[in-house]
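Everything below concerns the one structure shown next.
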Amino acid sequence: MTPALSIRNVTKRFPGVTALDCVSFDLLPGTVTALVGENGAGKSTIVKILTGIYTPDDGQVLVEDAPARFASPKDAWGAGIAAIHQETVMFDELSVAENVFMGHMPGGRLIDRAAMVARTEALLTRIDADFGASVLLKNLSVAQKHMVEVARALSHKARVVIMDEPTAALSRHEIGELFTLVARLRAEGRAILFISHKFDEIFRISDRWVCLRDGKLAGQGLTAEVTEPELVRLMVGRPVDQVFPKRQISLGEVVLEVDGLSNATEFADLSFDLRRGEILGFYGLVGAGRSEAMQCLFGLTRPTRGTVRRDGRPLTIRKPADAIAAGFAYVPEDRQHQGAALSLGIRENTTLASLAAHVKGWFLSAGSERRETRMLGERLDVRAATWETAVGNLSGGNQQKVVIAKWLATRPRVVILDEPTKGIDVGSKAAVHDFIGELAEEGLAVILVTSELPEAMGLADRLLVMHEGRIVARFTRGDWSAEAIVAAATGAGDKAA
Amino acid sequence: MTWVLRHREMALALLIAAMVVAVATYAPAFAAPASLLGVLNDTAFLFMLAVGQTMVLLTRGIDLSVAANLALTGMLVALVGQYGPDLPGPVYLVLAAVIGAGLGLVIGGLIGGLGIPPIVVSLGALAIYRGLIVVIGGGDQVNASEMGAGFQAFPKVALFGLTSPVWIAVAIALAAQVFLTRSRTGRSLYAVGGNPVAARYCGVSVERIEVLVYVLSGAIAGICGYLWVARYGVAYSEIALGYELTVIAACVIGGVSIGGGVGTVPGALLGALFLGVVVNALPTMQVSPFWQMAVAGAVILGAVVLNARAEAQSGKLILPEARRT
Amino acid sequence: MSTIPDRPPFRLSQLLLTWEVILCGLLVAVFVLNALATPWFLDVYNLADATYNFSEKAIIALPMALLILTREIDLSVGAMAALAALAVGMAAAAGLPVPVLVLVGLATGLACGMFNGLLVTQIGVPSIVITIGTMSLFRGVAQVTLGDQALTSFPPGFTTLGQSYLVKWPPLPLSFVLFLALAVAFTLFLHRTAAGRRLFAIGANPTAALFSGIDVARMRFWLFAASGLASGLAGTLLAARFGVVRPNAALGWELDVITMVIFGGVAIAGGAGSIPGVVLSVFVLGFATFGLALLNVSGIVITVLLGLLLIVSIAAPLVIRRLAGVRG
């Protein structure tokens with residue numbers, strides 16, 4: 001079978017690092033190939049080369065055995081290569097039809113709008129979309145935006161479809177729909193390159209696998225002939241336990257009581273307790289209102305009703321500084337936009353929420369800052385060239401560690417972690433899980449917001465499930481089942497696909 | 001969603017009509033046809049410049065040099081009129097468009113070609129172009145008597161009571177509307193301003209678009225330069241001093257976003273008309289000219305505040321009861 | 001467990017390529033070239049007089065640098081200075097004593113700045129738009145109040161503040177001394193205090209700053225207030241220097257101030273820059289202007305040259321980087 005796409009001995013170098021080193025593999029038509037590897041292994045570099053954003057320093061890209069040179073993304077589209085990214089790369093203020101056809105709108109001297117809308121509607125019907133061509137993109141959910149990207153890929157008659165972590169922000173139901181779509185694309189003879197960190201998805205949807213490690217090809221083969229531990233070993237170079245055994249911690253006194261916390265539009269009637277040493281999980285579909293609730297607790301938004309008590313005393317939290325003073329820490333979901341200032345260095349990011357502790361007289365003491373940064377950075381095993389390195393130059397896992405370090409520096413009593421391992425490689429993920437257990441052992445109270453069921457069931461002492469802004473179920477460790485949890489999260493009555 | 005947008009432009013149009021009515025109750029002469037036509041004639045320049053600036057703002061840029069471009073082109077064309085043979089008006093119009101486009105090309109080249117932030121380039125160009133007027137003109141002004149007859153007559157040609165600048169503004173607005181709604185390049189302006197990374201990914205040449213909008217804005221400024229100089233019969237270095245800020249105010253009032261990606265030609269025209277009515281209403285209400293700036297400033301702030309209130313987003317609609325309302 | 005160094009190794013080449021060092025070089029060049037071109041440049045009294053022309057704007061450039069650093073801008077500074085000068089003029093006409101005149105000027109500027117700050121933080125509209133509006137409003141109020149008159153009745157004690165030297169040798173005018181003192185204060189504030197670090201964070205990533213407990217709105221408000229206060233001070237000094245106030249006082253100052261800041265290396269996108277850079281930029285621009293004036297270059301040509309300098313100073317590194325990229 002002629003491969004739809006081939007990469008032969010492709011090498012790409014950047015100042016100081018070789019991102020890809022003589023990598024070769026094929027993508028066959030009518031197959032789904034999973035691309036696995038840790039962050040920094042070279043996956044996104046491959047995607048950028050295939051979509052025309054980078055050119056390889058050495059080696060060739062072959063489209064159906066013919067060498068291809070992509071000088072720009074337009075060339076890649078023209079060669080039939082389409083990509084769907086983790087964060088949708090689209091135009092919020094334009095309609096679906098314009099998003100699908102931007103760059104190749106039909107018509108002569110003027111755009112033929114009728115044809116553009118008609119063609120878009122046809123594509124949307126083909127993929128079972130539940131929205132029309134004239135809707136503005138900003139009114140769609142993340143899952144629906146992914147569908148628009150698929151429609152765009154189809155509009156280019158793509159032979160190769162690259163999907164880069166497409167399920168990161170999707171609910172279980174939406175993931176099921178996406179996989180149905182992937183199966184349909186495969187049946188139509190397209191070659192799909194599927195990049196994911198989630199092993200259950202890899203084993204569910206892919207036919208073949210390719211593994212990168214440190215820019216080199218670590219292995220490839222048929223998915224049916226490989227096991228998860230083998231894949232992990234190839235990715236990381238050493239065996240790794242994905243979820244640490246739950247530590248046995250005796251729970252302390254109640255440190256936080258939330259009663260009836262409500263907001264006009266995002267969540268209502270939130271009531272729960274939290275003890276020292278406890279890990280309280282918040283599970284739910286994307287958009288259930290968990291992050292919104294936590295951000296309100298942290299003072300970023302104002303509630304309309306409800307009380308919060310710390311150690312029995314009521315708190316008035318009007319802004320994040322109040323929450324920090326009361327001993328709260330919030331590690332946000334979006335580490336690049338909400339967590340860290342990418343252009344500032346590790347030291348400056350680490351001390352950002354606790355600057356007052358480093359003030360001697362009127363001025364900041366650099367020595368004091370450096371001591372704190374070193375201590376926390378070593379404790380969290382941050383890998384970087386120096387402590388002044390800009391956080392934007394670190395890998396995703398290390399960026400997350402710096403954000404966590406910033407919050408540890410405030411010596412909190414209650415730590416809220418919002419999707420702490422989203423988009424992080426296996427090695428760092430395990431480290432973060434281990435670390436969460438350590439925090440609980442030290443007597444902190446932890447709230448863990450997560451959409452990954454294994455993570456929730458592996459770490460939490462109790463699990464609260466939210467659905468459409470309310471807590472709909474409460475589970476205790478040992479007295480739960482995956483089915484019951486998921487059923488509650490999807491609205492009790494709508495079984496997962 | 002387009003309904004809501006038109007809703008806002010509708011609201012602005014109604015507001016303008018209400019203003020005219022309010023002024024007319026105090027000074028009935030204002031609502032007389034001749035007076036209203038006069039408002040349009042007066043606002044013609046602002047219409048054109050606002051349309052040009054809208055295209056720049058759509059791409060996340062800003063052009064603070066339009067007034068300087070206008071003045072410099074006006075002076076250059078006036079000198080041609082002074083020292084050259086007396087040609088018919090449209091010839092000078094084309095010449096002015098070419099000169100203005102050239103001045104815009106310089107700016108566009110620095111922004112699109114070199115990637116220098118637009119505010120830096122337009123601030124620098126503002127100083128350079130204004131200064132060049134004096135350097136080239138030698139500090140003198142060109143007076144009506146020195147300009148040719150054909151040169152000066154053109155802006156005063158009237159059709160249905162509206163002088164040629166208004167008709168040229170109509171032509172420019174129509175062309176811009178077709179460009180922005182029906183041509184591929186025009187739609188890609190929205191893409192470039194809305195999400196430059198995505199635009200590049202779709203194969204849109206962001207740099208080319210950036211150069212293009214400044215050339216267009218410059219050409220329009222040039223046309224206004226000739227019309228202004230010919231209409232008022234004098235060319236000197238301080239023409240339209242500070243006018244760029246009025247142009248931006250008109251765009252903002254008309255709903256064009258400073259952040260790029262949002263804005264329409266009708267909106268820009270309404271924003272310009274709004275300011276035009278305000279500025280023309282003041283003298284008829286016996287308000288001393290000294291009040292003009294203060295009132296203009298208050299009006300801009302008021303319009304901007306109202307705009308912002310209208311666009312304010314509440315939290316995400318997660319609770320079922322919130323979604324039903 | 002490997003030990004990570006605190007700082008990258010010191011490299012002289014990296015130090016020499018910082019913008020502040022380049023500005024130092026430019027300053028030396030300005031002095032050398034001007035000294036060669038005309039014997040009057042290096043006269044101490046002439047240099048002291050040169051500082052009159054830029055000190056007032058330079059004072060405004062200090063809070064403007066902080067504003068641009070945090071991704072804001074204030075186009076109303078000239079109008080605020082004019083309004084403050086106007087208030088001082090009216091107070092002087094009413095016969096108030098000199099210390100009160102100064103207070104009036106400062107208070108007017110502060111009030112205008114706080115007005116800006118309120119609008120920017122409460123309305124959520126970009127500050128460029130708000131300050132375009134307030135610029136017209138403030139300037140308009142000045143026009144309405146003065147009409148086409150000018151205020152001229154200032155007590156002699158007041159005008160000596162603006163026209164004589166505070167220090168006899170070396171001759172240093174009050175405005176220049178104030179600028180230097182404020183520059184030191186701003187440098188310490190921005191680069192050595194916790195509040196200054198928070199400003200850098202706001203400029204680098206306002207959302208992350210908010211999520212880290214920084215009160216972004218309050219800091220922005222006080223920056224606009226400071227800009228107003230500095231404009232008020234500048235307007236007072238202006239009135240003292242000229243002894244006359246017209247409604248078009250301080251016209252066009254905002255562009256000069258912004259040029260000083262951007263030429264000083266403060267990134268228009270926010271998050272990077274230094275006060276020493278701005279100070280050096282003030283000197284380079286100020287003394288270059290002075291030298292050109294001594295050579296009888298007309299004011300308008302100087303404006304053109306300054307415009308070119310602004311663009312070239314930003315373009316040159318970009319061009320160099322692009323050429324190096326092509327070769328590399």
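Identifiers in the structure tokens: chain A, B, ... in order shown; residue index from 1 per chain; ligand index from 1 in order shown.
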
Write down, as a ChimeraX atom specification, each residue of chain A that has any atom within 7 Å of an atom of chain B, counting only C-alpha atoms.
/A:73-74,89-91,102-103,105,110-111,265-267,287-289,468-469

Would you mind exporting the chosen residues as a PDB file, in the first residue's frame, restricted to N, CA and C atoms?
ATOM      1  N   PRO A  73       1.844  27.258   5.215  1.00  0.00           N
ATOM      2  CA  PRO A  73       0.684  26.401   5.485  1.00  0.00           C
ATOM      3  C   PRO A  73      -0.187  26.189   4.250  1.00  0.00           C
ATOM      4  N   LYS A  74      -0.227  27.162   3.381  1.00  0.00           N
ATOM      5  CA  LYS A  74      -1.070  27.018   2.200  1.00  0.00           C
ATOM      6  C   LYS A  74      -0.639  25.806   1.365  1.00  0.00           C
ATOM      7  N   VAL A  89      -7.756  27.030  16.315  1.00  0.00           N
ATOM      8  CA  VAL A  89      -7.055  28.137  15.682  1.00  0.00           C
ATOM      9  C   VAL A  89      -8.030  28.775  14.718  1.00  0.00           C
ATOM     10  N   MET A  90      -8.977  29.528  15.268  1.00  0.00           N
ATOM     11  CA  MET A  90     -10.052  30.016  14.407  1.00  0.00           C
ATOM     12  C   MET A  90     -10.481  31.427  14.777  1.00  0.00           C
ATOM     13  N   PHE A  91     -11.500  31.894  14.103  1.00  0.00           N
ATOM     14  CA  PHE A  91     -11.926  33.293  14.222  1.00  0.00           C
ATOM     15  C   PHE A  91     -13.278  33.378  14.913  1.00  0.00           C
ATOM     16  N   MET A 102     -12.048  30.141   4.998  1.00  0.00           N
ATOM     17  CA  MET A 102     -11.097  31.254   4.963  1.00  0.00           C
ATOM     18  C   MET A 102      -9.834  30.824   4.236  1.00  0.00           C
ATOM     19  N   GLY A 103      -9.441  31.592   3.247  1.00  0.00           N
ATOM     20  CA  GLY A 103      -8.249  31.244   2.503  1.00  0.00           C
ATOM     21  C   GLY A 103      -8.567  30.515   1.201  1.00  0.00           C
ATOM     22  N   MET A 105     -12.097  30.685  -0.379  1.00  0.00           N
ATOM     23  CA  MET A 105     -13.542  30.899  -0.545  1.00  0.00           C
ATOM     24  C   MET A 105     -13.956  30.733  -1.995  1.00  0.00           C
ATOM     25  N   LEU A 110     -15.848  38.113  -6.898  1.00  0.00           N
ATOM     26  CA  LEU A 110     -16.470  38.313  -5.594  1.00  0.00           C
ATOM     27  C   LEU A 110     -16.793  36.948  -4.992  1.00  0.00           C
ATOM     28  N   ILE A 111     -16.897  36.917  -3.689  1.00  0.00           N
ATOM     29  CA  ILE A 111     -17.184  35.648  -3.025  1.00  0.00           C
ATOM     30  C   ILE A 111     -18.609  35.205  -3.356  1.00  0.00           C
ATOM     31  N   THR A 265     -25.312  32.827  37.535  1.00  0.00           N
ATOM     32  CA  THR A 265     -25.436  32.026  36.313  1.00  0.00           C
ATOM     33  C   THR A 265     -24.577  30.772  36.275  1.00  0.00           C
ATOM     34  N   GLU A 266     -23.630  30.631  37.207  1.00  0.00           N
ATOM     35  CA  GLU A 266     -22.643  29.575  36.983  1.00  0.00           C
ATOM     36  C   GLU A 266     -22.758  28.387  37.918  1.00  0.00           C
ATOM     37  N   PHE A 267     -23.184  28.603  39.166  1.00  0.00           N
ATOM     38  CA  PHE A 267     -23.274  27.471  40.084  1.00  0.00           C
ATOM     39  C   PHE A 267     -24.221  27.877  41.210  1.00  0.00           C
ATOM     40  N   GLY A 287     -17.426  22.246  31.656  1.00  0.00           N
ATOM     41  CA  GLY A 287     -18.562  23.162  31.652  1.00  0.00           C
ATOM     42  C   GLY A 287     -19.556  22.896  32.759  1.00  0.00           C
ATOM     43  N   ALA A 288     -19.203  22.049  33.729  1.00  0.00           N
ATOM     44  CA  ALA A 288     -20.129  21.764  34.823  1.00  0.00           C
ATOM     45  C   ALA A 288     -20.133  22.867  35.858  1.00  0.00           C
ATOM     46  N   GLY A 289     -19.161  23.750  35.815  1.00  0.00           N
ATOM     47  CA  GLY A 289     -19.139  24.856  36.760  1.00  0.00           C
ATOM     48  C   GLY A 289     -18.111  24.702  37.858  1.00  0.00           C
ATOM     49  N   GLU A 468     -24.104  20.731  35.648  1.00  0.00           N
ATOM     50  CA  GLU A 468     -24.852  21.966  35.379  1.00  0.00           C
ATOM     51  C   GLU A 468     -24.907  22.873  36.606  1.00  0.00           C
ATOM     52  N   GLY A 469     -23.793  23.033  37.250  1.00  0.00           N
ATOM     53  CA  GLY A 469     -23.679  24.025  38.304  1.00  0.00           C
ATOM     54  C   GLY A 469     -24.037  23.558  39.707  1.00  0.00           C
TER      55      GLY A 469
END

Sorted by chain and rising residue number, list the residues of chain B at most 10 Å from chain C (counting only C-alpha atoms), each with its closest atom pair and distance in Å to one decimal, as JSON lines.
{"residue": "B:Leu110", "atom": "CA", "partner": "C:Ala315", "partner_atom": "CA", "distance": 7.9}
{"residue": "B:Ile111", "atom": "CA", "partner": "C:Ala315", "partner_atom": "CA", "distance": 9.6}
{"residue": "B:Gly113", "atom": "CA", "partner": "C:Val319", "partner_atom": "CA", "distance": 9.9}
{"residue": "B:Leu114", "atom": "CA", "partner": "C:Leu318", "partner_atom": "CA", "distance": 6.7}
{"residue": "B:Gly115", "atom": "CA", "partner": "C:Leu318", "partner_atom": "CA", "distance": 7.7}
{"residue": "B:Ile116", "atom": "CA", "partner": "C:Ala315", "partner_atom": "CA", "distance": 6.4}
{"residue": "B:Pro117", "atom": "CA", "partner": "C:Ile268", "partner_atom": "CA", "distance": 7.6}
{"residue": "B:Pro118", "atom": "CA", "partner": "C:Ile268", "partner_atom": "CA", "distance": 9.9}
{"residue": "B:Ile119", "atom": "CA", "partner": "C:Ile268", "partner_atom": "CA", "distance": 8.3}
{"residue": "B:Val120", "atom": "CA", "partner": "C:Ile311", "partner_atom": "CA", "distance": 6.9}
{"residue": "B:Val121", "atom": "CA", "partner": "C:Ile311", "partner_atom": "CA", "distance": 6.1}
{"residue": "B:Ser122", "atom": "CA", "partner": "C:Ile311", "partner_atom": "CA", "distance": 9.2}
{"residue": "B:Leu123", "atom": "CA", "partner": "C:Leu255", "partner_atom": "CA", "distance": 7.0}
{"residue": "B:Gly124", "atom": "CA", "partner": "C:Gly307", "partner_atom": "CA", "distance": 4.1}
{"residue": "B:Ala125", "atom": "CA", "partner": "C:Gly307", "partner_atom": "CA", "distance": 6.5}
{"residue": "B:Leu126", "atom": "CA", "partner": "C:Gly307", "partner_atom": "CA", "distance": 7.7}
{"residue": "B:Ala127", "atom": "CA", "partner": "C:Gly307", "partner_atom": "CA", "distance": 5.4}
{"residue": "B:Ile128", "atom": "CA", "partner": "C:Val304", "partner_atom": "CA", "distance": 4.2}
{"residue": "B:Tyr129", "atom": "CA", "partner": "C:Val304", "partner_atom": "CA", "distance": 7.5}
{"residue": "B:Arg130", "atom": "CA", "partner": "C:Val304", "partner_atom": "CA", "distance": 7.8}
{"residue": "B:Gly131", "atom": "CA", "partner": "C:Ile300", "partner_atom": "CA", "distance": 5.2}
{"residue": "B:Leu132", "atom": "CA", "partner": "C:Val304", "partner_atom": "CA", "distance": 7.1}
{"residue": "B:Ile133", "atom": "CA", "partner": "C:Ile300", "partner_atom": "CA", "distance": 9.2}
{"residue": "B:Val134", "atom": "CA", "partner": "C:Ile300", "partner_atom": "CA", "distance": 7.1}
{"residue": "B:Val135", "atom": "CA", "partner": "C:Val301", "partner_atom": "CA", "distance": 7.1}
{"residue": "B:Gly139", "atom": "CA", "partner": "C:Ile300", "partner_atom": "CA", "distance": 9.6}
{"residue": "B:Leu241", "atom": "CA", "partner": "C:Gly252", "partner_atom": "CA", "distance": 9.9}
{"residue": "B:Gly242", "atom": "CA", "partner": "C:Gly252", "partner_atom": "CA", "distance": 8.7}
{"residue": "B:Leu245", "atom": "CA", "partner": "C:Ile132", "partner_atom": "CA", "distance": 6.7}
{"residue": "B:Thr246", "atom": "CA", "partner": "C:Ile132", "partner_atom": "CA", "distance": 8.6}
{"residue": "B:Ile248", "atom": "CA", "partner": "C:Val129", "partner_atom": "CA", "distance": 8.2}
{"residue": "B:Ala249", "atom": "CA", "partner": "C:Val129", "partner_atom": "CA", "distance": 7.4}
{"residue": "B:Val252", "atom": "CA", "partner": "C:Val129", "partner_atom": "CA", "distance": 7.8}
{"residue": "B:Ser257", "atom": "CA", "partner": "C:Pro126", "partner_atom": "CA", "distance": 9.7}
{"residue": "B:Ile258", "atom": "CA", "partner": "C:Pro126", "partner_atom": "CA", "distance": 7.8}
{"residue": "B:Gly259", "atom": "CA", "partner": "C:Pro126", "partner_atom": "CA", "distance": 8.7}
{"residue": "B:Ser288", "atom": "CA", "partner": "C:Val144", "partner_atom": "CA", "distance": 8.3}
{"residue": "B:Pro289", "atom": "CA", "partner": "C:Val144", "partner_atom": "CA", "distance": 8.5}
{"residue": "B:Phe290", "atom": "CA", "partner": "C:Val144", "partner_atom": "CA", "distance": 4.9}
{"residue": "B:Trp291", "atom": "CA", "partner": "C:Val144", "partner_atom": "CA", "distance": 5.4}
{"residue": "B:Gln292", "atom": "CA", "partner": "C:Gly140", "partner_atom": "CA", "distance": 6.9}
{"residue": "B:Met293", "atom": "CA", "partner": "C:Gly140", "partner_atom": "CA", "distance": 4.3}
{"residue": "B:Ala294", "atom": "CA", "partner": "C:Gly140", "partner_atom": "CA", "distance": 3.6}
{"residue": "B:Val295", "atom": "CA", "partner": "C:Leu137", "partner_atom": "CA", "distance": 7.0}
{"residue": "B:Ala296", "atom": "CA", "partner": "C:Ser136", "partner_atom": "CA", "distance": 6.7}
{"residue": "B:Gly297", "atom": "CA", "partner": "C:Leu137", "partner_atom": "CA", "distance": 4.2}
{"residue": "B:Ala298", "atom": "CA", "partner": "C:Leu137", "partner_atom": "CA", "distance": 5.9}
{"residue": "B:Val299", "atom": "CA", "partner": "C:Gly133", "partner_atom": "CA", "distance": 8.1}
{"residue": "B:Ile300", "atom": "CA", "partner": "C:Gly133", "partner_atom": "CA", "distance": 5.5}
{"residue": "B:Leu301", "atom": "CA", "partner": "C:Gly133", "partner_atom": "CA", "distance": 5.3}
{"residue": "B:Gly302", "atom": "CA", "partner": "C:Gly133", "partner_atom": "CA", "distance": 9.0}
{"residue": "B:Ala303", "atom": "CA", "partner": "C:Gly133", "partner_atom": "CA", "distance": 9.9}
{"residue": "B:Val304", "atom": "CA", "partner": "C:Val125", "partner_atom": "CA", "distance": 7.5}
{"residue": "B:Val305", "atom": "CA", "partner": "C:Ile123", "partner_atom": "CA", "distance": 6.4}
{"residue": "B:Leu306", "atom": "CA", "partner": "C:Ile123", "partner_atom": "CA", "distance": 9.2}
{"residue": "B:Asn307", "atom": "CA", "partner": "C:Val125", "partner_atom": "CA", "distance": 9.0}
{"residue": "B:Ala308", "atom": "CA", "partner": "C:Val125", "partner_atom": "CA", "distance": 6.5}
{"residue": "B:Arg309", "atom": "CA", "partner": "C:Ile123", "partner_atom": "CA", "distance": 7.6}
{"residue": "B:Ala312", "atom": "CA", "partner": "C:Gly124", "partner_atom": "CA", "distance": 8.8}

Once you count only C-alpha atoms, which residues of chain A turn out to be within 9 Å of chain C? Could you give them as a ChimeraX atom specification?
/A:298,300,319-324,329-332,335-344,347-349,352-356,358-359,362-365,370,374,378,381,383-389,406-407

Excluding same-chain residues fewer than 6 positions from Ser35 of chain B, what lies within 12 Å of it counting only C-alpha atoms, as a short mmCIF file (atom, residue, chain, number, x, y, z; two decimals) with C-alpha atoms, in the first residue's frame?
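Result saved to part.cif:
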data_model
loop_
_atom_site.label_atom_id
_atom_site.label_comp_id
_atom_site.auth_asym_id
_atom_site.auth_seq_id
_atom_site.Cartn_x
_atom_site.Cartn_y
_atom_site.Cartn_z
CA VAL B 20 -31.28 66.34 15.46
CA ALA B 24 -34.29 71.49 16.21
CA ALA B 27 -33.14 76.10 16.99
CA PRO B 28 -35.61 75.10 14.27
CA ALA B 29 -33.30 76.29 11.53
CA ASN B 41 -21.09 68.48 3.33
CA ASP B 42 -19.09 69.33 6.39
CA GLY B 161 -27.25 70.16 -2.85
CA LEU B 162 -24.42 67.84 -1.88
CA VAL B 277 -24.02 66.44 13.99
CA ASN B 280 -22.46 71.38 13.69
CA ALA B 281 -25.19 71.62 16.27
CA PRO B 283 -22.94 76.88 16.73
CA THR B 284 -26.64 76.75 15.95
#

What is the distance, in Å and to one decimal place, between atom CA of Thr73 of chain B and atom CA of Gly225 of chain B?
5.7 Å

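One finds atom CA of Ala217 of chain C at 26.4 Å from atom CA of Gln399 of chain A.
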
How would you write, as number ranges by chain, the set of residues in segment 45-290 of chain A that DSSP gives as strand (DSSP E or B)?
A: 58-63, 66-68, 81-84, 95, 107, 111, 136, 160-164, 191-195, 208-213, 216-222, 254-262, 270-275, 279-284

Excluding segment 476-490 of chain A and any residue of its chain fewer than 2 positions from it, enumerate the residues within 10 Å of it, using only C-alpha atoms, and give them as number ranges by chain.
A: 171-173, 280, 283-286, 288, 453-454, 457-468, 471-474, 492-496

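Residues within 8 Å of Val415 of chain A, counting only C-alpha atoms and excluding same-chain residues fewer than 2 positions away, are Phe328, Ala329, Tyr330, Val331, Pro412, Arg413, Leu417, Leu444, Ala445, Val446 and Ile447 of chain A.
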
Among segment 112-321 of chain B, which ones does DSSP place in helix (DSSP H, G or I), written as a count of residues only?
150

Show me, as a JSON list (two decimals) with N, CA and C atoms, in the first residue's frame, the residues that have an atom within 9 Å of segment 43-46 of chain A when counting only C-alpha atoms, minus same-chain residues fewer than 4 positions from it.
[["chain", "number", "residue", "atom", "x", "y", "z"],
["A", 10, "VAL", "N", 13.91, 12.84, 8.79],
["A", 10, "VAL", "CA", 13.70, 14.27, 9.00],
["A", 10, "VAL", "C", 14.43, 14.72, 10.26],
["A", 12, "LYS", "N", 15.37, 18.36, 12.52],
["A", 12, "LYS", "CA", 15.10, 19.79, 12.72],
["A", 12, "LYS", "C", 15.88, 20.27, 13.92],
["A", 19, "ALA", "N", 15.47, 19.21, 17.86],
["A", 19, "ALA", "CA", 14.11, 18.81, 18.16],
["A", 19, "ALA", "C", 13.76, 17.46, 17.54],
["A", 20, "LEU", "N", 14.27, 17.23, 16.32],
["A", 20, "LEU", "CA", 14.02, 15.95, 15.65],
["A", 20, "LEU", "C", 15.33, 15.44, 15.08],
["A", 35, "LEU", "N", 0.52, 9.00, 17.72],
["A", 35, "LEU", "CA", 1.88, 9.52, 17.94],
["A", 35, "LEU", "C", 2.01, 9.80, 19.42],
["A", 36, "VAL", "N", 2.89, 9.08, 20.09],
["A", 36, "VAL", "CA", 3.04, 9.24, 21.53],
["A", 36, "VAL", "C", 4.44, 9.70, 21.88],
["A", 37, "GLY", "N", 4.53, 10.36, 23.01],
["A", 37, "GLY", "CA", 5.84, 10.82, 23.46],
["A", 37, "GLY", "C", 5.64, 11.86, 24.54],
["A", 38, "GLU", "N", 6.66, 12.05, 25.36],
["A", 38, "GLU", "CA", 6.56, 13.07, 26.41],
["A", 38, "GLU", "C", 6.59, 14.45, 25.79],
["A", 39, "ASN", "N", 6.29, 15.46, 26.62],
["A", 39, "ASN", "CA", 6.43, 16.84, 26.14],
["A", 39, "ASN", "C", 7.90, 17.10, 25.84],
["A", 50, "LEU", "N", 4.75, 19.16, 9.15],
["A", 50, "LEU", "CA", 3.74, 18.63, 8.23],
["A", 50, "LEU", "C", 2.72, 19.67, 7.82],
["A", 51, "THR", "N", 2.52, 20.70, 8.64],
["A", 51, "THR", "CA", 1.55, 21.73, 8.27],
["A", 51, "THR", "C", 2.20, 22.95, 7.67],
["A", 54, "TYR", "N", 7.16, 24.87, 9.78],
["A", 54, "TYR", "CA", 8.62, 24.74, 9.79],
["A", 54, "TYR", "C", 9.05, 24.01, 8.54],
["A", 164, "ASP", "N", -4.27, 16.90, 17.11],
["A", 164, "ASP", "CA", -3.32, 17.15, 18.18],
["A", 164, "ASP", "C", -4.06, 17.32, 19.50],
["A", 195, "ILE", "N", -2.57, 12.38, 18.06],
["A", 195, "ILE", "CA", -1.61, 12.65, 19.13],
["A", 195, "ILE", "C", -2.36, 12.74, 20.44],
["A", 212, "LEU", "N", 8.02, 8.70, 20.01],
["A", 212, "LEU", "CA", 9.21, 9.54, 19.98],
["A", 212, "LEU", "C", 9.74, 9.73, 21.39],
["A", 215, "GLY", "N", 13.37, 13.47, 20.59],
["A", 215, "GLY", "CA", 13.59, 13.81, 19.20],
["A", 215, "GLY", "C", 13.91, 12.61, 18.32]]

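Note that atom CA of Ala107 of chain C and atom CA of Gly228 of chain C are 9.0 Å apart.
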
With only C-alpha atoms as the counted atoms, please give the residues lying no more than 7 Å from segment 147-159 of chain A, apart from itself and same-chain residues fewer than 5 positions off, as a PyMOL selection string.
chain A and resi 77+80-82+84+96+100-101+123-124+190-191

Using only C-alpha atoms, which of the listed residues (A:Val236, A:Val449, A:Ala326, A:Leu256) sits closest to Gln295 of chain A?
A:Val449
